[in-house]
Amino acid sequence: MGRLARTVLQLRPQQVAHRVRLRTQRAALRRWPDTGRRLLDTPRPAVAGWPSGFIPVDARTPTRWPSIDELDDGVITLLGHTGKLGDPADWSQLHEPQLWRFHLHYWDWAWPLALQQDQGAARAVFARWWRSWQQATVFGRYDEWAPYVASLRAWSWCGLYDHLVAGEPHEDRFLGALWLHLRFLRPHLERDVGGNHLVKNLKALLGLAVFFGQQRLLDRTLHALAREASKQVLPDGGHFERAPAYHCQVLADLIDIAELLEAARGDSPEWLTAAINRMRRFLGLVLLPDGTVPLFNDGYPVPGELVDELRPGPPAADGITLLPDSGLAVLRAGELFVIADVGEPCPRGLPAHAHADTLSFLLHDGARRVVTEAGTSTYDQCARRRFERSTGGHSTVEIDDTDSTEVWAAFRAGRRAGAHVVDSADSADRGGELVLTAEHDGYRHLKGAPVHRRTWRLSDSELRVSDEVRGHGRHRLVSRVFLAPEVPAEQADRFGGDWRVEPAGLATGWERIEPGTVLLRETTARLPWSDEFRYSTSERKGAQ
């Protein structure tokens, strides 16, 4: 009960009230779906459609989606995993993990049909699967009517309408289904969760408001979105959930909204343009040298074509770039690149995507990965999820088999680490080295109140990472460094000191694990305690 209480106490009272409301509405729809549909299914406006010049981000990144031949066969690959709808189609797909089922009901996988030259064939495929989905699904039932899922589907259907539905026999039923989405989403905004979920809800409502010419709804939704953007887009440009993969998702959403508004009425609000520009600048600063997105906290690899479409700002220059609101620091010297997690793990009321990774870091030598972490391969509540969120799944120090942030279940966190930068200095001040020191108090509840301090010293030829744990008493201390698969395990002795080498599974995407290596140094010692990891560019030469 203590862990649950520590989690609930982080929430705002309004969040709890919204959760009760949404759970009650969900239970009512599950019991009386036909009644709920009748209450929401009011006459729809005659006006329908998006401006012809608007092309959403999903339509500009087509290689992420299945081919028309695959869709014709009912073969759908999502998150790197292929499923088959079958004949007759099984839209419940209960044998698949829930996240895959969610993606199935987004309908964003249908975008390739809108881009086909043979529109007759594409329309036939879409009509077949849409009619099948309509017949097989029950209004209000999870997974397909989770508000987040319904939001993504509504946005997709709005964009697909002109290409695949307009003028077809089922057009009237399709427009009625879209109008039902609008009526459903208005009372089902996920204000209990907030974050990227609420942005998706508001984006869908805004898209539906434009689609059906609902000016009052558009104005109210824009007002709510402005309030969320001011909270969720931090002054340094990062998204407040502090997960760069979700930063990309929210940035794509804001770009879509801005471009839809420009197409519909000739301009978008200044606050929206400013938020997008800040987010683009942040993304450019944190991108890894190989052009990929650093996957701190939760998230799956972001496709390169999507990153390009987001138009990130310039990369970080040589030196230290601090992003204090997001809690990230970038150190760059020649070919060596370090990005470190030196801030809060998550916003107070939204721990869903937090990991216990305070003071962890990633290291690149040019485009070559050197130091990484276990990553994220699943959102299911299981042993692997527990490991990937734990301190033991990151390149940092664990004390007394305890996580620096009290992550639990699939998306919960109780006690959180408080972190801050103690000192930073560029090479001119420190004899040719970049020096960054940060510390956190995530172990303050343990006997002796340990505090972990870490210092990164970076030159163009070497990285040294020094750890110090201050406090009192004897403690079990474990330092871990996860090496990327590109770094052979037999090179472990090159990293300074006597490390134990163990195999480690590293996530490369949803339910995809590849073999890697973790370096461990563990001891039971009286505080204060210190340790050091070292990497030199001579290791790079030795690997060639």
# chains A, B, ... in the order shown; residues from 1 in each chain; ligands from 1
>>> residues_around(residues="His223 of chain A", least_positions_apart="5", cutoff="12 Å", atoms="only C-alpha atoms", output="PDB file with C-alpha atoms, in the first residue's frame")
ATOM      1  CA  LEU A 202      -7.375  17.321 -29.098  1.00  0.00           C
ATOM      2  CA  LYS A 203      -5.727  16.844 -32.496  1.00  0.00           C
ATOM      3  CA  LEU A 206      -9.623  19.679 -34.143  1.00  0.00           C
ATOM      4  CA  ARG A 216     -17.194  26.712 -32.063  1.00  0.00           C
ATOM      5  CA  LEU A 217     -15.673  23.293 -31.426  1.00  0.00           C
ATOM      6  CA  LEU A 218     -12.555  24.332 -33.337  1.00  0.00           C
ATOM      7  CA  GLU A 228      -1.609  21.960 -23.069  1.00  0.00           C
ATOM      8  CA  ALA A 229       1.201  23.199 -25.299  1.00  0.00           C
ATOM      9  CA  SER A 230       2.217  25.807 -22.736  1.00  0.00           C
ATOM     10  CA  PRO A 269      -1.538  30.696 -34.109  1.00  0.00           C
ATOM     11  CA  TRP A 271       2.014  30.126 -30.003  1.00  0.00           C
ATOM     12  CA  LEU A 272       1.773  26.972 -32.124  1.00  0.00           C
TER      13      LEU A 272
END
>>> closest_atom_pairs(of="segment 394-502 of chain A", to="segment 506-530 of chain A", cutoff="9 Å", atoms="only C-alpha atoms", output="JSON lines")
{"residue": "A:Ser395", "atom": "CA", "partner": "A:Val518", "partner_atom": "CA", "distance": 8.7}
{"residue": "A:Gly448", "atom": "CA", "partner": "A:Leu527", "partner_atom": "CA", "distance": 8.7}
{"residue": "A:Pro450", "atom": "CA", "partner": "A:Leu527", "partner_atom": "CA", "distance": 8.1}
{"residue": "A:Ser466", "atom": "CA", "partner": "A:Ser530", "partner_atom": "CA", "distance": 7.2}
{"residue": "A:Asp467", "atom": "CA", "partner": "A:Ser530", "partner_atom": "CA", "distance": 5.3}
{"residue": "A:Glu468", "atom": "CA", "partner": "A:Ser530", "partner_atom": "CA", "distance": 4.4}
{"residue": "A:Val469", "atom": "CA", "partner": "A:Trp529", "partner_atom": "CA", "distance": 5.2}
{"residue": "A:Arg470", "atom": "CA", "partner": "A:Pro528", "partner_atom": "CA", "distance": 4.6}
{"residue": "A:Gly471", "atom": "CA", "partner": "A:Leu527", "partner_atom": "CA", "distance": 5.7}
{"residue": "A:His472", "atom": "CA", "partner": "A:Leu527", "partner_atom": "CA", "distance": 5.4}
{"residue": "A:Gly473", "atom": "CA", "partner": "A:Arg526", "partner_atom": "CA", "distance": 5.3}
{"residue": "A:Arg474", "atom": "CA", "partner": "A:Arg526", "partner_atom": "CA", "distance": 4.1}
{"residue": "A:His475", "atom": "CA", "partner": "A:Thr524", "partner_atom": "CA", "distance": 5.4}
{"residue": "A:Arg476", "atom": "CA", "partner": "A:Thr524", "partner_atom": "CA", "distance": 4.3}
{"residue": "A:Leu477", "atom": "CA", "partner": "A:Thr523", "partner_atom": "CA", "distance": 5.5}
{"residue": "A:Val478", "atom": "CA", "partner": "A:Glu522", "partner_atom": "CA", "distance": 4.2}
{"residue": "A:Ser479", "atom": "CA", "partner": "A:Arg521", "partner_atom": "CA", "distance": 5.2}
{"residue": "A:Arg480", "atom": "CA", "partner": "A:Leu520", "partner_atom": "CA", "distance": 4.7}
{"residue": "A:Val481", "atom": "CA", "partner": "A:Leu519", "partner_atom": "CA", "distance": 5.0}
{"residue": "A:Phe482", "atom": "CA", "partner": "A:Val518", "partner_atom": "CA", "distance": 4.3}
{"residue": "A:Leu483", "atom": "CA", "partner": "A:Thr517", "partner_atom": "CA", "distance": 5.3}
{"residue": "A:Ala484", "atom": "CA", "partner": "A:Gly516", "partner_atom": "CA", "distance": 6.0}
{"residue": "A:Pro485", "atom": "CA", "partner": "A:Gly516", "partner_atom": "CA", "distance": 4.8}
{"residue": "A:Glu486", "atom": "CA", "partner": "A:Gly516", "partner_atom": "CA", "distance": 8.5}
{"residue": "A:Val487", "atom": "CA", "partner": "A:Thr517", "partner_atom": "CA", "distance": 8.2}
{"residue": "A:Pro488", "atom": "CA", "partner": "A:Thr517", "partner_atom": "CA", "distance": 8.1}
{"residue": "A:Ala489", "atom": "CA", "partner": "A:Thr517", "partner_atom": "CA", "distance": 6.1}
{"residue": "A:Ala492", "atom": "CA", "partner": "A:Leu519", "partner_atom": "CA", "distance": 7.2}
{"residue": "A:Gly497", "atom": "CA", "partner": "A:Arg521", "partner_atom": "CA", "distance": 9.0}
{"residue": "A:Asp498", "atom": "CA", "partner": "A:Arg521", "partner_atom": "CA", "distance": 7.3}
{"residue": "A:Trp499", "atom": "CA", "partner": "A:Arg521", "partner_atom": "CA", "distance": 5.4}
{"residue": "A:Arg500", "atom": "CA", "partner": "A:Leu520", "partner_atom": "CA", "distance": 5.0}
{"residue": "A:Val501", "atom": "CA", "partner": "A:Leu519", "partner_atom": "CA", "distance": 4.9}
{"residue": "A:Glu502", "atom": "CA", "partner": "A:Val518", "partner_atom": "CA", "distance": 5.5}
>>> write_last_selection(atoms="C-alpha atoms", output="CSV table (one decimal), in the first residue's frame")
chain,number,residue,atom,x,y,z
A,395,SER,CA,24.2,2.5,-17.6
A,448,GLY,CA,22.5,6.2,5.5
A,450,PRO,CA,23.1,7.7,-0.1
A,466,SER,CA,33.6,9.0,-12.3
A,467,ASP,CA,31.0,7.9,-9.7
A,468,GLU,CA,30.9,8.9,-6.1
A,469,VAL,CA,28.3,7.8,-3.6
A,470,ARG,CA,28.2,9.8,-0.4
A,471,GLY,CA,26.3,8.9,2.8
A,472,HIS,CA,26.7,6.5,5.7
A,473,GLY,CA,26.9,2.8,6.4
A,474,ARG,CA,27.6,-0.3,4.3
A,475,HIS,CA,25.7,-0.7,1.0
A,476,ARG,CA,25.7,-3.0,-2.0
A,477,LEU,CA,26.7,-1.0,-5.0
A,478,VAL,CA,26.5,-2.1,-8.6
A,479,SER,CA,27.8,-0.1,-11.5
A,480,ARG,CA,26.6,-1.2,-15.0
A,481,VAL,CA,27.6,-0.1,-18.5
A,482,PHE,CA,25.7,-1.6,-21.4
A,483,LEU,CA,27.8,-2.0,-24.5
A,484,ALA,CA,26.3,-1.8,-28.0
A,485,PRO,CA,26.4,-4.9,-30.1
A,486,GLU,CA,29.1,-3.2,-32.3
A,487,VAL,CA,31.5,-3.5,-29.3
A,488,PRO,CA,32.9,-7.0,-29.0
A,489,ALA,CA,32.7,-8.5,-25.5
A,492,ALA,CA,35.7,-5.3,-22.0
A,497,GLY,CA,39.4,-1.5,-14.2
A,498,ASP,CA,38.2,-5.0,-13.4
A,499,TRP,CA,34.8,-5.4,-15.0
A,500,ARG,CA,32.7,-8.5,-15.0
A,501,VAL,CA,31.3,-9.2,-18.4
A,502,GLU,CA,27.8,-10.7,-18.9
>>> closest_residue(among="A:Gly80, A:Leu104, A:Gly140, A:Thr405", to="Tyr300 of chain A", atoms="only C-alpha atoms")
A:Gly80
>>> residues_around(residues="His355 of chain A", least_positions_apart="4", cutoff="8 Å", atoms="only C-alpha atoms", output="PyMOL selection string")
chain A and resi 296-298+345+388-391+405+407
>>> select_by_dssp(residues="segment 276-398 of chain A", states="helix (DSSP H, G or I)", output="PyMOL selection string")
chain A and resi 276-286+304-310+383-389+391-393
>>> write_last_selection(atoms="N, CA and C atoms", output="short mmCIF file (atom, residue, chain, number, x, y, z; two decimals), in the first residue's frame")
data_model
loop_
_atom_site.label_atom_id
_atom_site.label_comp_id
_atom_site.auth_asym_id
_atom_site.auth_seq_id
_atom_site.Cartn_x
_atom_site.Cartn_y
_atom_site.Cartn_z
N ILE A 276 6.42 24.62 -32.08
CA ILE A 276 7.02 23.74 -33.08
C ILE A 276 8.49 24.08 -33.28
N ASN A 277 8.81 25.36 -33.37
CA ASN A 277 10.21 25.77 -33.57
C ASN A 277 11.09 25.35 -32.39
N ARG A 278 10.57 25.50 -31.17
CA ARG A 278 11.36 25.08 -30.01
C ARG A 278 11.57 23.57 -30.02
N MET A 279 10.54 22.82 -30.37
CA MET A 279 10.66 21.37 -30.39
C MET A 279 11.62 20.91 -31.49
N ARG A 280 11.62 21.58 -32.62
CA ARG A 280 12.56 21.24 -33.69
C ARG A 280 14.00 21.52 -33.25
N ARG A 281 14.21 22.64 -32.60
CA ARG A 281 15.55 22.95 -32.12
C ARG A 281 16.03 21.88 -31.14
N PHE A 282 15.17 21.51 -30.19
CA PHE A 282 15.53 20.49 -29.21
C PHE A 282 15.88 19.17 -29.90
N LEU A 283 15.07 18.77 -30.86
CA LEU A 283 15.32 17.50 -31.54
C LEU A 283 16.67 17.50 -32.24
N GLY A 284 17.01 18.59 -32.90
CA GLY A 284 18.31 18.67 -33.55
C GLY A 284 19.46 18.54 -32.56
N LEU A 285 19.30 19.12 -31.39
CA LEU A 285 20.37 19.09 -30.39
C LEU A 285 20.60 17.70 -29.80
N VAL A 286 19.54 16.89 -29.70
CA VAL A 286 19.68 15.60 -29.02
C VAL A 286 19.87 14.43 -29.99
N GLY A 304 13.68 6.90 -39.85
CA GLY A 304 14.47 8.01 -40.35
C GLY A 304 13.68 8.96 -41.22
N GLU A 305 12.75 8.44 -42.04
CA GLU A 305 11.97 9.33 -42.90
C GLU A 305 11.04 10.23 -42.07
N LEU A 306 10.60 9.74 -40.91
CA LEU A 306 9.78 10.58 -40.04
C LEU A 306 10.63 11.66 -39.39
N VAL A 307 11.83 11.29 -38.95
CA VAL A 307 12.73 12.29 -38.38
C VAL A 307 12.99 13.39 -39.40
N ASP A 308 13.26 13.02 -40.64
CA ASP A 308 13.51 14.01 -41.69
C ASP A 308 12.30 14.92 -41.88
N GLU A 309 11.10 14.33 -41.83
CA GLU A 309 9.88 15.10 -42.05
C GLU A 309 9.64 16.10 -40.92
N LEU A 310 10.18 15.82 -39.72
CA LEU A 310 10.02 16.73 -38.59
C LEU A 310 10.92 17.95 -38.70
N ALA A 383 8.13 -9.52 -16.69
CA ALA A 383 9.48 -9.41 -16.14
C ALA A 383 10.38 -8.54 -17.02
N ARG A 384 10.24 -8.67 -18.33
CA ARG A 384 11.07 -7.88 -19.24
C ARG A 384 10.77 -6.39 -19.08
N ARG A 385 9.49 -6.03 -18.98
CA ARG A 385 9.12 -4.63 -18.77
C ARG A 385 9.70 -4.12 -17.46
N ARG A 386 9.62 -4.93 -16.44
CA ARG A 386 10.18 -4.54 -15.14
C ARG A 386 11.67 -4.27 -15.25
N PHE A 387 12.39 -5.15 -15.95
CA PHE A 387 13.83 -4.97 -16.11
C PHE A 387 14.14 -3.72 -16.92
N GLU A 388 13.44 -3.51 -18.01
CA GLU A 388 13.76 -2.39 -18.89
C GLU A 388 13.52 -1.04 -18.23
N ARG A 389 12.59 -0.97 -17.30
CA ARG A 389 12.35 0.29 -16.59
C ARG A 389 13.26 0.45 -15.38
N THR A 391 16.60 0.49 -12.72
CA THR A 391 17.95 1.03 -12.74
C THR A 391 18.92 0.00 -13.32
N GLY A 392 18.67 -1.27 -13.04
CA GLY A 392 19.53 -2.34 -13.56
C GLY A 392 19.52 -2.47 -15.06
N GLY A 393 18.59 -1.81 -15.75
CA GLY A 393 18.55 -1.84 -17.21
C GLY A 393 19.23 -0.65 -17.86
#
